[in-house]
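Content type CSV, C-alpha atoms and all ligand atoms, from the file my_file.csv:
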```
chain,number,residue,atom,x,y,z
H,1,MET,CA,0.0,0.0,0.0
H,2,GLN,CA,1.3,3.4,-0.9
H,3,THR,CA,1.6,6.1,1.8
H,4,ALA,CA,-0.7,9.0,1.1
H,5,ASN,CA,0.8,12.1,-0.3
H,6,ARG,CA,-0.2,14.1,2.7
H,7,LEU,CA,2.3,12.3,4.8
H,8,LYS,CA,5.3,13.0,2.6
H,9,GLY,CA,8.0,15.0,4.2
H,10,LEU,CA,6.1,15.3,7.5
H,11,GLU,CA,8.6,13.6,9.7
H,12,GLN,CA,10.4,15.9,12.0
H,13,SER,CA,13.7,14.5,10.7
H,14,PRO,CA,16.2,17.0,12.3
H,15,ILE,CA,14.8,16.5,15.8
H,16,ARG,CA,14.5,12.7,15.4
H,17,ALA,CA,18.0,12.4,13.9
H,18,MET,CA,19.5,14.5,16.7
H,19,THR,CA,17.8,12.4,19.3
H,20,GLN,CA,19.2,9.2,17.9
H,21,ARG,CA,22.7,10.7,17.6
H,22,CYS,CA,22.5,12.0,21.1
H,23,GLU,CA,21.5,8.5,22.4
H,24,ALA,CA,24.4,6.9,20.5
H,25,VAL,CA,27.0,9.1,22.3
H,26,GLY,CA,25.2,9.0,25.7
H,27,GLY,CA,24.7,12.8,25.5
H,28,ILE,CA,22.3,15.2,27.1
H,29,ASN,CA,19.3,15.9,24.9
H,30,LEU,CA,18.3,19.6,25.0
H,31,GLY,CA,16.9,19.3,21.5
H,32,GLN,CA,13.4,18.0,21.9
H,33,GLY,CA,10.9,20.4,23.4
H,34,LEU,CA,9.7,17.9,26.0
H,35,CYS,CA,8.3,19.3,29.1
H,36,ARG,CA,10.3,17.7,31.9
H,37,VAL,CA,9.1,19.8,34.8
H,38,PRO,CA,6.9,17.5,37.0
H,39,PRO,CA,3.2,18.3,37.5
H,40,SER,CA,2.0,19.7,40.8
H,41,VAL,CA,1.5,17.0,43.4
H,42,GLU,CA,-1.7,18.7,44.5
H,43,LEU,CA,-3.1,18.3,41.0
H,44,LEU,CA,-2.2,14.6,40.9
H,45,GLU,CA,-3.6,13.9,44.3
H,46,ALA,CA,-6.8,15.7,43.6
H,47,ALA,CA,-7.2,14.0,40.3
H,48,ALA,CA,-6.5,10.5,41.8
H,49,HIS,CA,-9.1,11.2,44.5
H,50,ASP,CA,-11.7,12.2,42.0
H,51,PHE,CA,-11.0,9.7,39.4
H,52,PRO,CA,-13.3,6.8,40.5
H,53,SER,CA,-16.3,9.1,40.8
H,54,ILE,CA,-16.0,11.3,37.6
H,55,ASP,CA,-17.6,10.8,34.2
H,56,HIS,CA,-15.7,8.3,32.1
H,57,SER,CA,-17.9,8.6,29.0
H,58,TYR,CA,-17.8,11.0,26.1
H,59,SER,CA,-18.2,14.7,26.8
H,60,TYR,CA,-19.9,17.1,24.3
H,61,ALA,CA,-17.8,17.7,21.2
H,62,GLU,CA,-17.1,21.2,22.5
H,63,GLY,CA,-16.0,19.7,25.9
H,64,ASP,CA,-17.1,19.3,29.4
H,65,ALA,CA,-19.2,22.3,30.5
H,66,GLY,CA,-17.4,22.8,33.8
H,67,PHE,CA,-14.0,22.6,32.1
H,68,ARG,CA,-15.0,25.3,29.6
H,69,ALA,CA,-16.4,27.5,32.4
H,70,ASP,CA,-13.1,27.3,34.2
H,71,ILE,CA,-11.2,28.0,31.0
H,72,ALA,CA,-13.4,31.1,30.5
H,73,ASP,CA,-12.7,32.3,34.0
H,74,LYS,CA,-8.9,31.9,33.5
H,75,ILE,CA,-9.0,33.7,30.2
H,76,LEU,CA,-10.8,36.6,31.8
H,77,ARG,CA,-8.4,36.7,34.7
H,78,TYR,CA,-5.2,36.5,32.7
H,79,GLN,CA,-6.0,37.6,29.1
H,80,GLY,CA,-8.7,40.1,29.9
H,81,LEU,CA,-11.0,38.5,27.4
H,82,ASP,CA,-14.6,38.0,28.3
H,83,VAL,CA,-15.8,34.9,26.5
H,84,ASP,CA,-19.0,32.8,26.7
H,85,PRO,CA,-18.0,29.3,27.6
H,86,SER,CA,-21.1,27.8,26.1
H,87,ARG,CA,-20.6,29.3,22.6
H,88,GLN,CA,-17.0,30.4,22.3
H,89,ILE,CA,-14.8,27.6,23.6
H,90,VAL,CA,-14.1,24.2,22.1
H,91,ALA,CA,-12.0,21.7,24.2
H,92,THR,CA,-9.6,19.7,22.0
H,93,VAL,CA,-7.0,17.0,22.2
H,94,GLY,CA,-4.1,19.3,23.0
H,95,ALA,CA,-3.4,22.7,21.3
H,96,THR,CA,-2.3,20.5,18.4
H,97,GLY,CA,-5.9,19.2,18.2
H,98,ALA,CA,-7.2,22.7,18.3
H,99,PHE,CA,-4.8,23.8,15.5
H,100,ASN,CA,-5.9,20.9,13.3
H,101,ALA,CA,-9.6,21.5,14.0
H,102,VAL,CA,-9.2,25.2,13.0
H,103,LEU,CA,-7.3,24.3,9.8
H,104,SER,CA,-9.9,21.7,8.8
H,105,ALA,CA,-12.8,24.1,9.7
H,106,PHE,CA,-11.7,27.1,7.6
H,107,LEU,CA,-9.1,26.2,5.0
H,108,ASN,CA,-9.0,24.2,1.8
H,109,PRO,CA,-6.2,22.4,0.0
H,110,GLY,CA,-4.2,25.0,-2.0
H,111,ASP,CA,-5.0,27.9,0.4
H,112,GLY,CA,-2.0,29.8,1.7
H,113,VAL,CA,-1.2,30.6,5.3
H,114,LEU,CA,1.4,33.0,6.5
H,115,VAL,CA,3.9,31.6,9.1
H,116,LEU,CA,6.5,33.6,10.9
H,117,GLU,CA,10.0,32.2,10.6
H,118,PRO,CA,11.5,30.8,12.8
H,119,PHE,CA,8.3,28.7,13.2
H,120,TYR,CA,7.2,25.8,15.4
H,121,GLY,CA,7.6,22.7,13.2
H,122,TYR,CA,4.2,21.2,13.9
H,123,HIS,CA,2.5,24.3,12.5
H,124,VAL,CA,4.0,23.8,9.1
H,125,ALA,CA,3.6,20.0,9.3
H,126,CYS,CA,-0.1,20.3,10.1
H,127,LEU,CA,-0.6,22.8,7.2
H,128,ARG,CA,1.0,20.4,4.8
H,129,PHE,CA,-1.0,17.5,6.2
H,130,PHE,CA,-4.1,19.4,5.0
H,131,GLY,CA,-2.6,20.4,1.6
H,132,ILE,CA,-2.3,24.0,2.8
H,133,VAL,CA,0.6,26.0,1.5
H,134,PRO,CA,2.9,27.6,4.2
H,135,GLN,CA,3.9,31.1,3.2
H,136,PRO,CA,7.0,32.1,5.2
H,137,VAL,CA,7.5,35.6,6.6
H,138,ARG,CA,11.1,35.9,7.8
H,139,LEU,CA,11.6,37.7,11.1
H,140,GLU,CA,15.2,38.8,11.0
H,141,ALA,CA,17.6,37.6,13.7
H,142,PRO,CA,18.5,38.6,16.3
H,143,ALA,CA,15.5,40.8,17.1
H,144,PHE,CA,12.8,38.7,15.3
H,145,THR,CA,10.6,41.7,15.0
H,146,VAL,CA,7.3,41.7,13.0
H,147,GLU,CA,7.5,44.2,10.2
H,148,ARG,CA,4.5,45.4,8.2
H,149,GLU,CA,6.5,45.3,4.9
H,150,ALA,CA,7.5,41.7,5.3
H,151,LEU,CA,4.0,40.6,6.1
H,152,GLN,CA,2.6,42.6,3.1
H,153,ALA,CA,5.2,41.2,0.8
H,154,ALA,CA,4.3,37.6,1.7
H,155,VAL,CA,0.5,38.0,1.0
H,156,THR,CA,-0.7,36.5,-2.3
H,157,ALA,CA,-4.1,35.9,-3.8
H,158,ARG,CA,-4.2,32.5,-2.2
H,159,THR,CA,-3.5,33.7,1.4
H,160,ARG,CA,-6.3,33.0,3.8
H,161,ALA,CA,-4.8,33.1,7.3
H,162,ILE,CA,-1.8,34.0,9.5
H,163,VAL,CA,-0.4,31.9,12.3
H,164,ILE,CA,1.1,33.8,15.3
H,165,CYS,CA,2.9,32.0,18.1
H,166,THR,CA,3.5,34.1,21.2
H,167,PRO,CA,5.4,33.6,23.4
H,168,GLY,CA,7.3,32.0,20.5
H,169,ASN,CA,8.9,28.7,20.0
H,170,PRO,CA,11.8,28.8,19.1
H,171,SER,CA,12.5,32.6,19.2
H,172,GLY,CA,11.3,33.3,22.7
H,173,ARG,CA,9.6,36.5,21.4
H,174,ARG,CA,6.6,37.9,23.1
H,175,PHE,CA,5.1,40.1,20.5
H,176,THR,CA,4.3,43.7,21.6
H,177,THR,CA,1.0,45.5,21.2
H,178,GLU,CA,2.5,47.5,18.3
H,179,GLU,CA,3.6,44.3,16.5
H,180,LEU,CA,0.2,42.7,17.0
H,181,GLU,CA,-1.5,45.8,15.8
H,182,VAL,CA,0.4,45.4,12.5
H,183,VAL,CA,-0.7,41.8,12.3
H,184,VAL,CA,-4.3,42.7,12.8
H,185,ALA,CA,-4.1,45.6,10.3
H,186,VAL,CA,-2.7,43.4,7.6
H,187,ALA,CA,-5.3,40.7,8.4
H,188,GLU,CA,-8.1,43.2,8.2
H,189,GLU,CA,-6.8,44.6,4.9
H,190,HIS,CA,-6.6,41.1,3.3
H,191,ASP,CA,-9.5,39.5,5.2
H,192,LEU,CA,-7.3,36.9,6.9
H,193,LEU,CA,-8.1,34.6,9.7
H,194,ILE,CA,-5.6,35.0,12.6
H,195,ILE,CA,-4.7,31.8,14.4
H,196,THR,CA,-2.7,32.5,17.6
H,197,ASP,CA,-0.9,29.7,19.4
H,198,GLU,CA,-0.5,30.8,23.1
H,199,ILE,CA,0.5,27.6,24.7
H,200,TYR,CA,3.3,29.3,26.6
H,201,GLU,CA,1.0,32.1,27.8
H,202,HIS,CA,2.1,31.6,31.5
H,203,ILE,CA,5.8,31.1,30.8
H,204,TYR,CA,7.2,34.6,30.3
H,205,PHE,CA,9.9,36.7,31.9
H,206,SER,CA,9.9,40.3,33.2
H,207,PRO,CA,9.7,43.0,32.2
H,208,GLY,CA,6.2,43.0,30.7
H,209,ARG,CA,3.7,40.2,30.3
H,210,HIS,CA,2.0,38.1,27.6
H,211,ILE,CA,-0.4,39.9,25.4
H,212,SER,CA,-3.0,37.9,23.6
H,213,PRO,CA,-3.4,38.9,20.0
H,214,ALA,CA,-7.2,38.4,20.4
H,215,THR,CA,-7.3,41.5,22.7
H,216,ILE,CA,-6.1,43.8,20.0
H,217,PRO,CA,-9.0,46.0,18.7
H,218,GLY,CA,-10.4,44.6,15.5
H,219,ALA,CA,-9.0,41.1,16.2
H,220,ALA,CA,-11.9,39.4,18.0
H,221,GLU,CA,-14.1,38.5,15.0
H,222,ARG,CA,-11.3,37.1,12.9
H,223,THR,CA,-9.1,35.4,15.6
H,224,VAL,CA,-8.9,31.9,17.0
H,225,LEU,CA,-6.9,31.7,20.2
H,226,ILE,CA,-5.4,28.3,20.7
H,227,SER,CA,-3.9,27.2,24.0
H,228,GLY,CA,-3.7,24.2,26.2
H,229,LEU,CA,-2.7,22.7,29.6
H,230,SER,CA,0.5,20.9,28.5
H,231,LYS,CA,3.0,23.5,29.4
H,232,THR,CA,1.3,25.6,32.1
H,233,TYR,CA,0.6,22.5,34.3
H,234,SER,CA,3.3,20.2,32.9
H,235,ILE,CA,0.8,17.6,31.8
H,236,PRO,CA,1.4,17.2,28.0
H,237,GLY,CA,0.3,13.6,28.1
H,238,TRP,CA,-3.2,14.5,29.3
H,239,ARG,CA,-3.7,16.0,25.8
H,240,LEU,CA,-5.9,18.9,26.8
H,241,GLY,CA,-6.2,22.0,24.7
H,242,TYR,CA,-8.8,24.4,23.5
H,243,ALA,CA,-9.8,26.9,20.8
H,244,VAL,CA,-11.5,30.3,21.7
H,245,ALA,CA,-13.3,32.3,19.0
H,246,SER,CA,-16.5,34.1,18.2
H,247,PRO,CA,-19.7,32.0,18.4
H,248,ASP,CA,-19.8,31.9,14.6
H,249,LEU,CA,-16.2,30.6,14.2
H,250,SER,CA,-16.6,28.3,17.2
H,251,ARG,CA,-19.6,26.4,15.6
H,252,SER,CA,-17.3,25.4,12.7
H,253,ILE,CA,-14.4,24.5,15.0
H,254,ARG,CA,-16.7,22.3,17.1
H,255,GLY,CA,-17.9,20.5,13.9
H,256,ALA,CA,-14.3,19.8,12.9
H,257,ALA,CA,-13.2,18.7,16.4
H,258,ASP,CA,-16.2,16.3,16.5
H,259,ALA,CA,-15.2,14.7,13.2
H,260,LEU,CA,-11.6,14.5,14.1
H,261,THR,CA,-11.7,13.1,17.7
H,262,VAL,CA,-15.3,13.1,19.0
H,263,CYS,CA,-14.1,14.9,22.2
H,264,ALA,CA,-11.1,15.6,24.4
H,265,PRO,CA,-10.6,13.0,27.2
H,266,THR,CA,-13.6,13.6,29.5
H,267,PRO,CA,-12.2,12.4,32.9
H,268,LEU,CA,-9.0,14.4,32.4
H,269,GLN,CA,-11.0,17.6,31.5
H,270,GLN,CA,-12.8,17.2,34.8
H,271,ALA,CA,-9.6,16.4,36.8
H,272,ALA,CA,-7.8,19.4,35.2
H,273,ARG,CA,-10.4,21.8,36.7
H,274,HIS,CA,-8.3,21.6,39.9
H,275,ALA,CA,-5.4,23.1,38.0
H,276,LEU,CA,-7.5,25.7,36.3
H,277,ARG,CA,-8.4,27.0,39.7
H,278,PHE,CA,-4.9,27.3,41.1
H,279,PRO,CA,-4.2,30.7,42.7
H,280,GLU,CA,-2.0,33.4,41.2
H,281,SER,CA,1.0,32.1,43.3
H,282,TYR,CA,1.1,29.0,41.1
H,283,TYR,CA,1.8,31.0,38.0
H,284,GLU,CA,4.3,33.2,39.8
H,285,ASN,CA,6.2,30.2,40.9
H,286,LEU,CA,6.1,28.7,37.5
H,287,ARG,CA,7.6,31.8,36.0
H,288,ASP,CA,10.3,32.0,38.7
H,289,LEU,CA,11.1,28.3,38.1
H,290,TYR,CA,11.6,28.8,34.4
H,291,ASP,CA,13.5,32.1,34.9
H,292,GLY,CA,16.0,30.2,37.0
H,293,LYS,CA,16.4,27.5,34.3
H,294,ARG,CA,16.7,30.1,31.6
H,295,ALA,CA,19.5,31.9,33.5
H,296,LEU,CA,21.4,28.7,34.2
H,297,LEU,CA,21.5,27.5,30.6
H,298,THR,CA,22.1,31.0,29.2
H,299,ALA,CA,25.2,31.4,31.5
H,300,ALA,CA,26.5,28.1,30.2
H,301,PHE,CA,26.2,29.0,26.5
H,302,GLU,CA,27.7,32.4,27.1
H,303,ALA,CA,30.6,31.0,29.1
H,304,ALA,CA,31.2,28.7,26.1
H,305,GLY,CA,31.4,31.7,23.7
H,306,ALA,CA,27.9,31.7,22.2
H,307,LYS,CA,25.5,34.6,22.1
H,308,VAL,CA,22.0,34.3,23.7
H,309,GLY,CA,19.4,37.0,23.4
H,310,LYS,CA,17.2,36.8,26.5
H,311,PRO,CA,14.0,35.0,25.6
H,312,GLU,CA,10.9,36.9,26.6
H,313,GLY,CA,8.9,33.7,27.1
H,314,ALA,CA,8.5,30.0,26.4
H,315,TYR,CA,11.3,27.6,27.4
H,316,TYR,CA,13.9,27.6,24.7
H,317,LEU,CA,17.1,29.4,24.0
H,318,PHE,CA,17.7,30.3,20.3
H,319,VAL,CA,21.5,30.5,20.4
H,320,ASP,CA,23.8,32.3,18.0
H,321,CYS,CA,26.8,30.1,17.7
H,322,SER,CA,28.9,32.3,15.4
H,323,GLY,CA,31.3,32.9,18.4
H,324,LEU,CA,32.0,29.2,18.4
H,325,GLY,CA,33.2,29.3,14.8
H,326,ALA,CA,30.0,27.7,13.4
H,327,ARG,CA,28.8,28.9,10.0
H,328,SER,CA,25.4,27.2,10.0
H,329,GLY,CA,23.0,25.7,12.6
H,330,HIS,CA,23.9,22.2,11.4
H,331,GLU,CA,27.6,22.9,12.0
H,332,ALA,CA,26.8,24.4,15.4
H,333,ALA,CA,24.7,21.4,16.5
H,334,GLU,CA,27.4,19.0,15.3
H,335,LEU,CA,30.0,20.9,17.3
H,336,LEU,CA,28.0,21.0,20.5
H,337,LEU,CA,27.3,17.3,20.2
H,338,GLU,CA,30.8,16.3,19.4
H,339,LYS,CA,32.6,18.5,21.9
H,340,ALA,CA,30.2,18.8,24.8
H,341,LYS,CA,27.8,15.8,24.2
H,342,VAL,CA,24.9,18.2,24.3
H,343,ALA,CA,22.2,17.8,21.6
H,344,THR,CA,20.4,20.8,20.3
H,345,ILE,CA,18.3,21.4,17.1
H,346,PRO,CA,19.9,23.1,14.1
H,347,GLY,CA,18.2,26.5,13.5
H,348,GLU,CA,17.5,25.4,9.9
H,349,ALA,CA,14.7,23.1,11.2
H,350,PHE,CA,12.6,26.3,11.9
H,351,TYR,CA,12.8,27.7,8.4
H,352,LEU,CA,11.5,26.6,5.0
H,353,ASP,CA,14.7,27.8,3.3
H,354,ASP,CA,18.2,28.0,4.7
H,355,PRO,CA,18.3,31.1,6.9
H,356,GLY,CA,22.1,31.4,6.6
H,357,ILE,CA,22.5,31.9,10.4
H,358,PRO,CA,24.4,29.6,12.8
H,359,TYR,CA,21.6,29.2,15.4
H,360,VAL,CA,20.5,26.2,17.5
H,361,ARG,CA,17.5,25.7,19.7
H,362,ALA,CA,18.1,24.4,23.3
H,363,CYS,CA,15.2,23.5,25.6
H,364,PHE,CA,15.5,24.4,29.3
H,365,SER,CA,12.3,22.5,30.5
H,366,HIS,CA,14.5,20.0,32.3
H,367,PRO,CA,15.4,19.3,36.0
H,368,ASP,CA,18.1,21.7,37.3
H,369,ASP,CA,20.5,18.8,37.9
H,370,LEU,CA,20.4,17.9,34.2
H,371,LEU,CA,20.8,21.5,33.2
H,372,ARG,CA,23.8,21.9,35.5
H,373,GLU,CA,25.4,18.8,34.0
H,374,ALA,CA,24.8,20.2,30.5
H,375,ALA,CA,26.3,23.5,31.6
H,376,GLN,CA,29.4,21.7,32.9
H,377,GLN,CA,29.8,19.7,29.6
H,378,LEU,CA,29.4,22.9,27.6
H,379,ARG,CA,32.0,24.8,29.6
H,380,GLU,CA,34.5,21.9,29.6
H,381,GLY,CA,33.9,20.7,26.1
H,382,LEU,CA,34.1,24.1,24.4
H,383,ALA,CA,36.8,25.6,26.5
H,384,SER,CA,39.3,23.1,25.0
O,401,LIG,C1,4.2,26.4,20.0
O,401,LIG,C2,3.6,25.1,20.5
O,401,LIG,N1,2.3,24.8,20.3
O,401,LIG,C3,1.8,23.6,20.6
O,401,LIG,C4,2.5,22.7,21.2
O,401,LIG,C5,1.9,21.3,21.6
O,401,LIG,O1,0.8,21.6,22.4
O,401,LIG,P1,-0.1,20.4,22.9
O,401,LIG,O2,0.7,19.5,23.8
O,401,LIG,O3,-1.2,21.1,23.7
O,401,LIG,O4,-0.7,19.7,21.7
O,401,LIG,C6,3.9,22.9,21.5
O,401,LIG,C7,4.8,21.8,22.1
O,401,LIG,O5,6.0,21.9,22.0
O,401,LIG,C8,4.5,24.1,21.1
O,401,LIG,O6,5.7,24.4,21.2
```

For this file, write the structure as structure tokens.
Amino acid sequence: MQTANRLKGLEQSPIRAMTQRCEAVGGINLGQGLCRVPPSVELLEAAAHDFPSIDHSYSYAEGDAGFRADIADKILRYQGLDVDPSRQIVATVGATGAFNAVLSAFLNPGDGVLVLEPFYGYHVACLRFFGIVPQPVRLEAPAFTVEREALQAAVTARTRAIVICTPGNPSGRRFTTEELEVVVAVAEEHDLLIITDEIYEHIYFSPGRHISPATIPGAAERTVLISGLSKTYSIPGWRLGYAVASPDLSRSIRGAADALTVCAPTPLQQAARHALRFPESYYENLRDLYDGKRALLTAAFEAAGAKVGKPEGAYYLFVDCSGLGARSGHEAAELLLEKAKVATIPGEAFYLDDPGIPYVRACFSHPDDLLREAAQQLREGLAS
């Protein structure tokens, strides 16, 4: 049997290849974006306590009503968006499930979607899976700023949507109000849907805070906010996400989510309500925890001679390795693996065409002990 065309070229080969190479040399894998911070014990205990008595059947296609009500409360508290949980939220199988539901609800094969480079690989993989054409908009290193001219230049007659990831993987950018206003203005001018992936909404570093693109005037009617619980509560395996949009858009997203997966896991939606009600201190602690990890790994790369712009959010460093003598991301990743036994992802993996910059992505969502070990290997391996 022939594999369907939609699967061709989808494998995340640079990440998989690096993982295998890392295992072969017994190295430390900072390449994959795995969330290695443990979930809160309180959440696990509360979930275990509730588990025998909660509903183990299907939920509505749009999700458990209580789960959606708690999501709406949290969105009001932290994003300042007032949404009706019965008509504007669809629970999904991870943020990835939400992204796929949105693509299948609004886009047809051959449509074009603007993606900001460097991009999150799954965004492009999912677009391709549906036969949608990714249209790259290069954000120039090291600032990775959104420029109106670059957006305008990428729009063609086939363009139907734009994907924004903030805080961004891998750039660590948290787009400013001004940048988001540019996105919304271009979307309004060309009648584009705005799909915002805000999975790292609670992992950001001072100064400033996360701004949801959906809060920009003019955005609400054409924006789908996508997020999930994987990163904020360190429960990626629970596969809980959601899409938030106008009642009109939400109806179509619900239809797509229903056809794709019937519903998100019902018992886990109910158990996760404990997490959604955590006090503000939980989110402050999470930010402090990640800030410490960010500082630890940044110091190690800088001591080794690389340049690290401070990420404003998410849990990655996008590291400029020109100071190590590397001329490309591939060369840099090879060097780090060979000399320090630390695996990273070559920057090329986050662009459609060779960006011509020697960047690698390193993930810092790991236990501090492992990050300290990686730091030591970087210092020792690259000092020689
Ligand atoms: C930008 C971004 N969106 C979505 C996801 C996956 O989210 P989920 O586990 O909710 O499907 C990731 C995971 O690495 C990510 O980096």

Could you tell me how far CA of Cys165 (chain H) lies from CA of Val262 (chain H), in Å and to one decimal?
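Going from CA of Cys165 (chain H) over to CA of Val262 (chain H) covers 26.3 Å.
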
Among the residues H:Lys293, H:Arg209, H:Lys310, H:Arg160, the one that comes closest to Leu370 (chain H) [using all atoms listed in the file]
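Between H:Lys293, H:Arg209, H:Lys310, H:Arg160, the residue approaching Leu370 (chain H) most closely is H:Lys293.
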
Please give me, as JSON, numbers by chain, the residues lying within 7 Å of ligand LIG 401 (chain O) when counting all atoms listed in the file.
{"H": [33, 34, 93, 94, 95, 96, 97, 120, 165, 168, 169, 197, 199, 227, 228, 229, 230, 236, 239, 240, 241]}

File of the preceding selection, C-alpha atoms, as an mmCIF file, in the frame of the given file:
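What landed in out01.cif:
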```cif
data_model
loop_
_atom_site.group_PDB
_atom_site.id
_atom_site.type_symbol
_atom_site.label_atom_id
_atom_site.label_comp_id
_atom_site.auth_asym_id
_atom_site.auth_seq_id
_atom_site.Cartn_x
_atom_site.Cartn_y
_atom_site.Cartn_z
ATOM 1 C CA GLY H 33 10.900 20.400 23.400
ATOM 2 C CA LEU H 34 9.700 17.900 26.000
ATOM 3 C CA VAL H 93 -7.000 17.000 22.200
ATOM 4 C CA GLY H 94 -4.100 19.300 23.000
ATOM 5 C CA ALA H 95 -3.400 22.700 21.300
ATOM 6 C CA THR H 96 -2.300 20.500 18.400
ATOM 7 C CA GLY H 97 -5.900 19.200 18.200
ATOM 8 C CA TYR H 120 7.200 25.800 15.400
ATOM 9 C CA CYS H 165 2.900 32.000 18.100
ATOM 10 C CA GLY H 168 7.300 32.000 20.500
ATOM 11 C CA ASN H 169 8.900 28.700 20.000
ATOM 12 C CA ASP H 197 -0.900 29.700 19.400
ATOM 13 C CA ILE H 199 0.500 27.600 24.700
ATOM 14 C CA SER H 227 -3.900 27.200 24.000
ATOM 15 C CA GLY H 228 -3.700 24.200 26.200
ATOM 16 C CA LEU H 229 -2.700 22.700 29.600
ATOM 17 C CA SER H 230 0.500 20.900 28.500
ATOM 18 C CA PRO H 236 1.400 17.200 28.000
ATOM 19 C CA ARG H 239 -3.700 16.000 25.800
ATOM 20 C CA LEU H 240 -5.900 18.900 26.800
ATOM 21 C CA GLY H 241 -6.200 22.000 24.700
#
```

Selected residue of minimal separation from Arg277 (chain H) among H:Asp82, H:Glu331, H:Asp70, H:Glu302, counting all atoms listed in the file:
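With all atoms listed in the file as the atom set, the closest residue is H:Asp70.
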
I'd like to know which of H:Ala349, H:Leu180, H:Val146, H:Leu297 is closest to Ala375 (chain H), using all atoms listed in the file.
H:Leu297

Protein/DNA/RNA residues near (18.3, 18.1, 22.7), cut 6 Å, only C-alpha atoms, as a ChimeraX atom specification:
/H:29-32,343-344

Quick one: of H:Val113, H:Ile211, H:Ala219, H:Leu260, who's nearest to Glu188 (chain H), counting all atoms listed in the file?
H:Ala219

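Coordinates place CA of Pro267 (chain H) at a distance of 5.8 Å from CA of Asp55 (chain H).
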
Given all atoms listed in the file as the counted atoms, nearest of H:Ala101, H:Ala161, H:Val360, H:Ile345 to Arg16 (chain H)
H:Ile345

Interatomic distance between CA of Gly26 (chain H) and CA of Phe301 (chain H)?
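According to the coordinates, CA of Gly26 (chain H) and CA of Phe301 (chain H) are separated by 20.0 Å.
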
For Ser59 (chain H), the closest of H:Glu140, H:Ala187, H:Ala150, H:Val90 counting all atoms listed in the file is H:Val90

What lies within 12 Å of Pro52 (chain H) using only C-alpha atoms, ignoring chain neighbours under 4 positions off, as a list in words?
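Residues near the query, excluding close chain neighbours: Ala46, Ala47, Ala48, His56, Pro267, Leu268, Gln270 and Ala271 of chain H.
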
Preceding selection exported with C-alpha atoms as a PDB file, keeping the file's coordinate frame:
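The resulting result-v1.pdb:
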```
ATOM      1  CA  ALA H  46      -6.800  15.700  43.600  1.00  0.00           C
ATOM      2  CA  ALA H  47      -7.200  14.000  40.300  1.00  0.00           C
ATOM      3  CA  ALA H  48      -6.500  10.500  41.800  1.00  0.00           C
ATOM      4  CA  HIS H  56     -15.700   8.300  32.100  1.00  0.00           C
ATOM      5  CA  PRO H 267     -12.200  12.400  32.900  1.00  0.00           C
ATOM      6  CA  LEU H 268      -9.000  14.400  32.400  1.00  0.00           C
ATOM      7  CA  GLN H 270     -12.800  17.200  34.800  1.00  0.00           C
ATOM      8  CA  ALA H 271      -9.600  16.400  36.800  1.00  0.00           C
TER       9      ALA H 271
END
```

So that I can check the surroundings of Pro136 (chain H), please list as a PyMOL selection string every protein, DNA and RNA residue that reaches within 10 Å of it, counting all atoms listed in the file and ignoring chain neighbours fewer than 3 positions away.
chain H and resi 112-119+124+133+139+150-151+154-155+162+351-353

Need to verify the contact set: Ala300 (chain H), 8 Å, only C-alpha atoms, exclusion of same-chain residues closer than 2 positions in sequence. Can you return it as a ChimeraX atom specification?
/H:296-298,302-304,375-376,378-379

Those same residues - C-alpha atoms - I'd like them written as a compact mmCIF listing (two decimals), in the frame of the given file.
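Writing the result to out-v2.txt gives the following:
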```
# COMPACT_ATOMS: atom_id res chain seq x y z
CA LEU H 296 21.40 28.70 34.20
CA LEU H 297 21.50 27.50 30.60
CA THR H 298 22.10 31.00 29.20
CA GLU H 302 27.70 32.40 27.10
CA ALA H 303 30.60 31.00 29.10
CA ALA H 304 31.20 28.70 26.10
CA ALA H 375 26.30 23.50 31.60
CA GLN H 376 29.40 21.70 32.90
CA LEU H 378 29.40 22.90 27.60
CA ARG H 379 32.00 24.80 29.60
```

Please check which residues have atoms at most 12 Å from (-17.1, 16.4, 24.1) in the file's coordinates, counting all atoms listed in the file, and write them as a ChimeraX atom specification.
/H:55-68,89-93,240,242,254-255,257-270

9 Å contact set for Ala256 (chain H), all atoms listed in the file, chain neighbours under 4 positions out, as a ChimeraX atom specification:
/H:100-105,251-252,260-261

Polymer residues at most 12 Å from Pro346 (chain H), all atoms listed in the file, same-chain spacing of 6 or more positions, as a ChimeraX atom specification
/H:13-18,30-32,118,170,318-321,326-337,354-362
